[in-house]
file model_32.txt (compact mmCIF, N, CA and C atoms)
# COMPACT_ATOMS: atom_id res chain seq x y z
N MET A 1 -7.39 21.21 -42.70
CA MET A 1 -7.74 19.86 -42.34
C MET A 1 -6.52 19.09 -41.83
N ARG A 2 -5.39 19.31 -42.49
CA ARG A 2 -4.16 18.63 -42.09
C ARG A 2 -3.76 19.01 -40.66
N ARG A 3 -3.92 20.29 -40.35
CA ARG A 3 -3.58 20.76 -38.99
C ARG A 3 -4.49 20.12 -37.96
N LEU A 4 -5.75 19.98 -38.28
CA LEU A 4 -6.69 19.35 -37.37
C LEU A 4 -6.31 17.89 -37.13
N LEU A 5 -5.97 17.16 -38.18
CA LEU A 5 -5.54 15.76 -38.03
C LEU A 5 -4.26 15.66 -37.20
N PHE A 6 -3.33 16.59 -37.43
CA PHE A 6 -2.09 16.61 -36.65
C PHE A 6 -2.40 16.87 -35.17
N ALA A 7 -3.29 17.81 -34.90
CA ALA A 7 -3.65 18.13 -33.52
C ALA A 7 -4.32 16.94 -32.84
N ILE A 8 -5.20 16.25 -33.55
CA ILE A 8 -5.87 15.07 -32.99
C ILE A 8 -4.85 13.98 -32.71
N ALA A 9 -3.94 13.75 -33.66
CA ALA A 9 -2.90 12.73 -33.46
C ALA A 9 -2.03 13.08 -32.25
N PHE A 10 -1.69 14.35 -32.09
CA PHE A 10 -0.88 14.78 -30.96
C PHE A 10 -1.60 14.54 -29.63
N VAL A 11 -2.88 14.88 -29.58
CA VAL A 11 -3.67 14.68 -28.37
C VAL A 11 -3.77 13.19 -28.04
N LEU A 12 -4.00 12.36 -29.04
CA LEU A 12 -4.09 10.91 -28.81
C LEU A 12 -2.75 10.35 -28.32
N LEU A 13 -1.65 10.82 -28.86
CA LEU A 13 -0.34 10.39 -28.39
C LEU A 13 -0.12 10.81 -26.94
N ALA A 14 -0.48 12.02 -26.60
CA ALA A 14 -0.31 12.50 -25.22
C ALA A 14 -1.15 11.67 -24.26
N ILE A 15 -2.37 11.35 -24.65
CA ILE A 15 -3.24 10.53 -23.79
C ILE A 15 -2.65 9.14 -23.62
N SER A 16 -2.16 8.54 -24.70
CA SER A 16 -1.61 7.18 -24.60
C SER A 16 -0.36 7.17 -23.74
N LEU A 17 0.46 8.21 -23.81
CA LEU A 17 1.65 8.28 -22.95
C LEU A 17 1.26 8.44 -21.50
N ALA A 18 0.21 9.19 -21.23
CA ALA A 18 -0.24 9.41 -19.85
C ALA A 18 -0.73 8.11 -19.23
N PHE A 19 -1.31 7.25 -20.04
CA PHE A 19 -1.85 5.99 -19.52
C PHE A 19 -0.94 4.80 -19.84
N ALA A 20 0.29 5.06 -20.27
CA ALA A 20 1.22 3.98 -20.58
C ALA A 20 1.44 3.13 -19.33
N GLU A 21 1.76 1.88 -19.56
CA GLU A 21 1.96 0.96 -18.44
C GLU A 21 3.09 1.45 -17.55
N GLN A 22 2.81 1.52 -16.25
CA GLN A 22 3.81 1.96 -15.29
C GLN A 22 4.63 0.76 -14.83
N ALA A 23 5.84 1.04 -14.38
CA ALA A 23 6.67 -0.02 -13.81
C ALA A 23 5.92 -0.66 -12.65
N LYS A 24 6.02 -1.96 -12.56
CA LYS A 24 5.30 -2.71 -11.53
C LYS A 24 5.98 -2.55 -10.17
N LEU A 25 5.18 -2.37 -9.16
CA LEU A 25 5.68 -2.35 -7.78
C LEU A 25 5.72 -3.78 -7.26
N ASP A 26 6.78 -4.13 -6.56
CA ASP A 26 6.84 -5.42 -5.89
C ASP A 26 5.96 -5.35 -4.64
N LYS A 27 5.69 -6.49 -4.06
CA LYS A 27 4.86 -6.54 -2.85
C LYS A 27 5.71 -6.38 -1.59
N ASN A 28 6.93 -6.91 -1.59
CA ASN A 28 7.78 -6.90 -0.38
C ASN A 28 9.14 -6.29 -0.68
N TYR A 29 9.57 -5.42 0.24
CA TYR A 29 10.85 -4.74 0.11
C TYR A 29 11.64 -4.82 1.42
N LYS A 30 12.95 -4.70 1.30
CA LYS A 30 13.85 -4.52 2.43
C LYS A 30 14.37 -3.09 2.33
N CYS A 31 14.24 -2.33 3.41
CA CYS A 31 14.61 -0.92 3.39
C CYS A 31 15.74 -0.63 4.37
N VAL A 32 16.58 0.31 3.98
CA VAL A 32 17.64 0.84 4.83
C VAL A 32 17.53 2.35 4.77
N GLY A 33 17.58 2.98 5.93
CA GLY A 33 17.45 4.44 5.95
C GLY A 33 18.31 5.06 7.03
N VAL A 34 18.27 6.38 7.05
CA VAL A 34 18.99 7.14 8.06
C VAL A 34 18.01 8.13 8.69
N GLN A 35 17.90 8.05 10.03
CA GLN A 35 17.06 8.98 10.80
C GLN A 35 17.88 9.45 11.98
N ASP A 36 17.97 10.76 12.13
CA ASP A 36 18.76 11.35 13.22
C ASP A 36 20.18 10.79 13.25
N ASN A 37 20.80 10.70 12.06
CA ASN A 37 22.17 10.22 11.89
C ASN A 37 22.37 8.77 12.32
N LYS A 38 21.30 8.00 12.42
CA LYS A 38 21.40 6.58 12.78
C LYS A 38 20.78 5.74 11.67
N GLU A 39 21.48 4.68 11.28
CA GLU A 39 20.94 3.80 10.25
C GLU A 39 19.88 2.87 10.84
N TYR A 40 18.84 2.60 10.08
CA TYR A 40 17.82 1.64 10.48
C TYR A 40 17.52 0.72 9.31
N LYS A 41 16.97 -0.44 9.62
CA LYS A 41 16.52 -1.40 8.60
C LYS A 41 15.10 -1.80 8.94
N THR A 42 14.28 -1.97 7.90
CA THR A 42 12.89 -2.35 8.10
C THR A 42 12.36 -3.08 6.88
N ASP A 43 11.29 -3.81 7.08
CA ASP A 43 10.59 -4.47 5.98
C ASP A 43 9.42 -3.60 5.56
N LEU A 44 9.10 -3.62 4.28
CA LEU A 44 7.99 -2.84 3.73
C LEU A 44 7.12 -3.76 2.88
N THR A 45 5.82 -3.68 3.09
CA THR A 45 4.85 -4.41 2.28
C THR A 45 3.97 -3.40 1.56
N ILE A 46 3.76 -3.62 0.25
CA ILE A 46 2.97 -2.70 -0.56
C ILE A 46 1.84 -3.46 -1.24
N GLU A 47 0.67 -2.84 -1.24
CA GLU A 47 -0.48 -3.37 -1.98
C GLU A 47 -1.09 -2.22 -2.76
N VAL A 48 -1.35 -2.45 -4.04
CA VAL A 48 -2.00 -1.45 -4.89
C VAL A 48 -3.41 -1.94 -5.16
N LYS A 49 -4.39 -1.08 -4.85
CA LYS A 49 -5.79 -1.45 -5.04
C LYS A 49 -6.58 -0.21 -5.44
N ASP A 50 -7.29 -0.32 -6.55
CA ASP A 50 -8.13 0.78 -7.05
C ASP A 50 -7.37 2.10 -7.16
N GLY A 51 -6.11 2.04 -7.59
CA GLY A 51 -5.32 3.25 -7.76
C GLY A 51 -4.66 3.77 -6.50
N ASN A 52 -5.00 3.20 -5.36
CA ASN A 52 -4.38 3.60 -4.09
C ASN A 52 -3.19 2.69 -3.80
N VAL A 53 -2.19 3.24 -3.14
CA VAL A 53 -1.02 2.47 -2.74
C VAL A 53 -1.04 2.38 -1.21
N TYR A 54 -1.19 1.14 -0.70
CA TYR A 54 -1.22 0.90 0.74
C TYR A 54 0.14 0.34 1.16
N LEU A 55 0.72 0.93 2.21
CA LEU A 55 2.05 0.53 2.66
C LEU A 55 2.04 0.20 4.14
N ALA A 56 2.86 -0.77 4.53
CA ALA A 56 3.02 -1.12 5.95
C ALA A 56 4.49 -1.44 6.18
N TRP A 57 5.10 -0.74 7.14
CA TRP A 57 6.49 -0.98 7.52
C TRP A 57 6.52 -1.75 8.82
N ASP A 58 7.49 -2.63 8.92
CA ASP A 58 7.75 -3.35 10.18
C ASP A 58 6.46 -3.98 10.73
N ASN A 59 5.78 -4.76 9.87
CA ASN A 59 4.55 -5.47 10.26
C ASN A 59 3.46 -4.55 10.81
N GLY A 60 3.32 -3.36 10.23
CA GLY A 60 2.23 -2.46 10.60
C GLY A 60 2.55 -1.46 11.69
N LYS A 61 3.81 -1.37 12.13
CA LYS A 61 4.16 -0.36 13.14
C LYS A 61 4.04 1.05 12.57
N MET A 62 4.19 1.15 11.23
CA MET A 62 3.94 2.41 10.54
C MET A 62 3.15 2.07 9.29
N LEU A 63 2.12 2.89 8.98
CA LEU A 63 1.25 2.65 7.84
C LEU A 63 1.24 3.86 6.93
N GLY A 64 0.98 3.61 5.63
CA GLY A 64 0.91 4.70 4.68
C GLY A 64 -0.16 4.49 3.65
N LEU A 65 -0.69 5.60 3.15
CA LEU A 65 -1.64 5.61 2.05
C LEU A 65 -1.09 6.58 1.02
N GLY A 66 -0.91 6.09 -0.21
CA GLY A 66 -0.29 6.94 -1.21
C GLY A 66 -1.00 6.92 -2.54
N VAL A 67 -0.51 7.80 -3.40
CA VAL A 67 -0.97 7.88 -4.78
C VAL A 67 0.27 7.93 -5.66
N ARG A 68 0.18 7.21 -6.77
CA ARG A 68 1.33 7.12 -7.67
C ARG A 68 1.06 7.90 -8.95
N THR A 69 2.08 8.66 -9.37
CA THR A 69 2.06 9.35 -10.65
C THR A 69 3.39 9.05 -11.32
N GLY A 70 3.35 8.26 -12.38
CA GLY A 70 4.58 7.90 -13.08
C GLY A 70 5.50 7.11 -12.17
N ASP A 71 6.72 7.63 -11.98
CA ASP A 71 7.69 6.93 -11.13
C ASP A 71 7.79 7.54 -9.73
N THR A 72 6.77 8.28 -9.32
CA THR A 72 6.76 8.93 -8.01
C THR A 72 5.54 8.48 -7.21
N ILE A 73 5.75 8.21 -5.92
CA ILE A 73 4.66 7.86 -5.02
C ILE A 73 4.67 8.84 -3.85
N ALA A 74 3.57 9.57 -3.67
CA ALA A 74 3.41 10.50 -2.54
C ALA A 74 2.58 9.79 -1.48
N ILE A 75 3.05 9.82 -0.22
CA ILE A 75 2.46 9.00 0.83
C ILE A 75 2.24 9.80 2.11
N ALA A 76 1.04 9.63 2.70
CA ALA A 76 0.76 10.13 4.05
C ALA A 76 1.07 8.98 5.01
N LEU A 77 1.77 9.28 6.10
CA LEU A 77 2.21 8.26 7.06
C LEU A 77 1.51 8.43 8.40
N VAL A 78 1.34 7.31 9.10
CA VAL A 78 0.82 7.35 10.47
C VAL A 78 1.46 6.21 11.27
N VAL A 79 1.76 6.50 12.52
CA VAL A 79 2.22 5.48 13.47
C VAL A 79 1.05 5.20 14.40
N PRO A 80 0.36 4.06 14.23
CA PRO A 80 -0.83 3.79 15.03
C PRO A 80 -0.60 3.82 16.54
N ALA A 81 0.57 3.42 17.01
CA ALA A 81 0.83 3.34 18.45
C ALA A 81 0.76 4.69 19.15
N ASN A 82 1.20 5.76 18.44
CA ASN A 82 1.22 7.06 19.11
C ASN A 82 0.51 8.17 18.31
N GLY A 83 -0.04 7.82 17.15
CA GLY A 83 -0.76 8.81 16.35
C GLY A 83 0.13 9.76 15.59
N GLY A 84 1.44 9.51 15.57
CA GLY A 84 2.35 10.37 14.84
C GLY A 84 2.06 10.33 13.35
N VAL A 85 2.21 11.47 12.68
CA VAL A 85 1.95 11.55 11.25
C VAL A 85 3.15 12.16 10.53
N GLY A 86 3.27 11.84 9.26
CA GLY A 86 4.35 12.36 8.45
C GLY A 86 4.03 12.22 6.98
N VAL A 87 4.98 12.59 6.15
CA VAL A 87 4.84 12.46 4.71
C VAL A 87 6.11 11.84 4.13
N LEU A 88 5.94 11.15 3.01
CA LEU A 88 7.05 10.45 2.34
C LEU A 88 6.87 10.59 0.85
N LEU A 89 7.97 10.75 0.16
CA LEU A 89 7.96 10.79 -1.29
C LEU A 89 8.98 9.77 -1.79
N TYR A 90 8.49 8.75 -2.52
CA TYR A 90 9.37 7.75 -3.13
C TYR A 90 9.53 8.05 -4.61
N LYS A 91 10.74 7.86 -5.10
CA LYS A 91 11.04 7.93 -6.53
C LYS A 91 11.51 6.53 -6.93
N MET A 92 10.90 5.95 -7.96
CA MET A 92 11.26 4.61 -8.42
C MET A 92 12.39 4.70 -9.44
N GLU A 93 13.45 3.91 -9.19
CA GLU A 93 14.58 3.85 -10.13
C GLU A 93 15.09 2.43 -10.18
N ASP A 94 15.04 1.81 -11.35
CA ASP A 94 15.56 0.45 -11.56
C ASP A 94 15.03 -0.54 -10.53
N GLY A 95 13.75 -0.47 -10.22
CA GLY A 95 13.14 -1.40 -9.28
C GLY A 95 13.29 -1.03 -7.82
N GLU A 96 14.12 -0.04 -7.52
CA GLU A 96 14.33 0.42 -6.14
C GLU A 96 13.43 1.62 -5.85
N LEU A 97 13.13 1.80 -4.57
CA LEU A 97 12.40 2.98 -4.11
C LEU A 97 13.36 3.86 -3.32
N HIS A 98 13.50 5.10 -3.74
CA HIS A 98 14.38 6.05 -3.05
C HIS A 98 13.48 7.11 -2.43
N GLY A 99 13.50 7.19 -1.08
CA GLY A 99 12.56 8.05 -0.40
C GLY A 99 13.18 9.16 0.42
N ARG A 100 12.39 10.22 0.57
CA ARG A 100 12.67 11.32 1.50
C ARG A 100 11.41 11.49 2.32
N TRP A 101 11.56 11.57 3.64
CA TRP A 101 10.38 11.64 4.49
C TRP A 101 10.64 12.50 5.71
N THR A 102 9.55 12.86 6.39
CA THR A 102 9.66 13.67 7.60
C THR A 102 8.56 13.30 8.60
N PHE A 103 8.91 13.41 9.86
CA PHE A 103 8.00 13.34 11.00
C PHE A 103 8.40 14.50 11.88
N SER A 104 7.53 15.46 12.04
CA SER A 104 7.75 16.61 12.93
C SER A 104 9.16 17.19 12.83
N GLY A 105 9.56 17.53 11.63
CA GLY A 105 10.85 18.17 11.43
C GLY A 105 11.90 17.19 10.97
N GLY A 106 12.95 17.72 10.38
CA GLY A 106 14.02 16.87 9.86
C GLY A 106 13.59 16.16 8.60
N ILE A 107 14.51 16.05 7.67
CA ILE A 107 14.27 15.30 6.43
C ILE A 107 15.18 14.08 6.49
N PHE A 108 14.59 12.91 6.29
CA PHE A 108 15.32 11.65 6.40
C PHE A 108 15.27 10.93 5.06
N THR A 109 16.14 9.94 4.88
CA THR A 109 16.21 9.22 3.61
C THR A 109 16.04 7.72 3.84
N GLU A 110 15.60 7.05 2.77
CA GLU A 110 15.38 5.61 2.83
C GLU A 110 15.49 5.05 1.42
N THR A 111 16.10 3.87 1.30
CA THR A 111 16.17 3.15 0.04
C THR A 111 15.64 1.75 0.26
N CYS A 112 14.72 1.33 -0.60
CA CYS A 112 14.11 0.00 -0.48
C CYS A 112 14.36 -0.79 -1.75
N VAL A 113 14.74 -2.05 -1.58
CA VAL A 113 14.95 -2.96 -2.71
C VAL A 113 13.99 -4.13 -2.55
N PRO A 114 13.54 -4.68 -3.66
CA PRO A 114 12.64 -5.83 -3.57
C PRO A 114 13.27 -6.95 -2.73
N SER A 115 12.47 -7.58 -1.88
CA SER A 115 12.98 -8.69 -1.06
C SER A 115 13.54 -9.76 -1.97
N GLY A 116 14.64 -10.34 -1.54
CA GLY A 116 15.29 -11.36 -2.35
C GLY A 116 16.32 -10.80 -3.30
N THR A 117 16.37 -9.47 -3.43
CA THR A 117 17.36 -8.84 -4.30
C THR A 117 18.70 -8.80 -3.58
N ILE A 118 19.73 -9.22 -4.26
CA ILE A 118 21.08 -9.18 -3.68
C ILE A 118 21.80 -7.97 -4.25
N ARG A 119 22.29 -7.13 -3.38
CA ARG A 119 23.04 -5.93 -3.79
C ARG A 119 24.48 -6.09 -3.35
N ALA A 120 25.39 -5.72 -4.25
CA ALA A 120 26.82 -5.82 -3.92
C ALA A 120 27.23 -4.71 -2.98

call {"tool": "encode", "arguments": {"input": "model_32.txt", "output": "structure tokens"}}
result
Amino acid sequence: MRRLLFAIAFVLLAISLAFAEQAKLDKNYKCVGVQDNKEYKTDLTIEVKDGNVYLAWDNGKMLGLGVRTGDTIAIALVVPANGGVGVLLYKMEDGELHGRWTFSGGIFTETCVPSGTIRA
């Protein structure tokens, strides 16, 4: 009986950890990245609705739909102007988003901080 109670307690703890409150995503970010050895800057807007993460860079010039698991967000990307597609993976650390992404080859990086955040 004791083992059964221990097993139930363990399962309940695992479930509660899985559904623990996740760090909150901000709505607006300022991003800096490197693509083809050139630095770029862009604005990012994020909306979370029904478990989906909707993203728009540079006022909708690039759009994303993602899913979040813990501190990681996996995102499918599209550029509406030319139909280009890609993938992006963000890792959340201390309120920042650290990303690795690709469009038709090459791996690029991007770091986004909440708008209004001052970094030294």

call {"tool": "residues_around", "arguments": {"input": "model_32.txt", "residues": "segment 99-110 of chain A", "least_positions_apart": "4", "cutoff": "8 Å", "atoms": "only N, CA and C atoms", "output": "PyMOL selection string"}}
result
chain A and resi 31-37+84-92

call {"tool": "closest_residue", "arguments": {"input": "model_32.txt", "among": "A:Val53, A:Leu63, A:Ile46, A:Val79", "to": "Pro114 of chain A", "atoms": "only C-alpha atoms"}}
result
A:Ile46

call {"tool": "atom_distance", "arguments": {"input": "model_32.txt", "atom1": "atom C of Gly95 of chain A", "atom2": "atom N of Asp71 of chain A"}}
result
11.6 Å

call {"tool": "select_by_dssp", "arguments": {"input": "model_32.txt", "residues": "segment 18-108 of chain A", "states": "strand (DSSP E)", "output": "PyMOL selection string"}}
result
chain A and resi 28-35+38-49+52-57+62-69+72-79+84-93+96-102+108

call {"tool": "closest_residue", "arguments": {"input": "model_32.txt", "among": "A:Thr111, A:Met62, A:Val67, A:Lys30", "to": "Leu44 of chain A", "atoms": "only C-alpha atoms"}}
result
A:Lys30

call {"tool": "atom_distance", "arguments": {"input": "model_32.txt", "atom1": "atom CA of Gly51 of chain A", "atom2": "atom N of Ala81 of chain A"}}
result
25.5 Å

call {"tool": "atom_distance", "arguments": {"input": "model_32.txt", "atom1": "atom N of Asp94 of chain A", "atom2": "atom C of Lys24 of chain A"}}
result
10.1 Å

call {"tool": "closest_residue", "arguments": {"input": "model_32.txt", "among": "A:Cys112, A:Gly70, A:Lys38, A:Ile75", "to": "Tyr54 of chain A", "atoms": "only C-alpha atoms"}}
result
A:Ile75

call {"tool": "closest_residue", "arguments": {"input": "model_32.txt", "among": "A:Ala76, A:Gly116, A:Asp26, A:Asp58", "to": "Lys41 of chain A", "atoms": "all atoms listed in the file"}}
result
A:Asp58
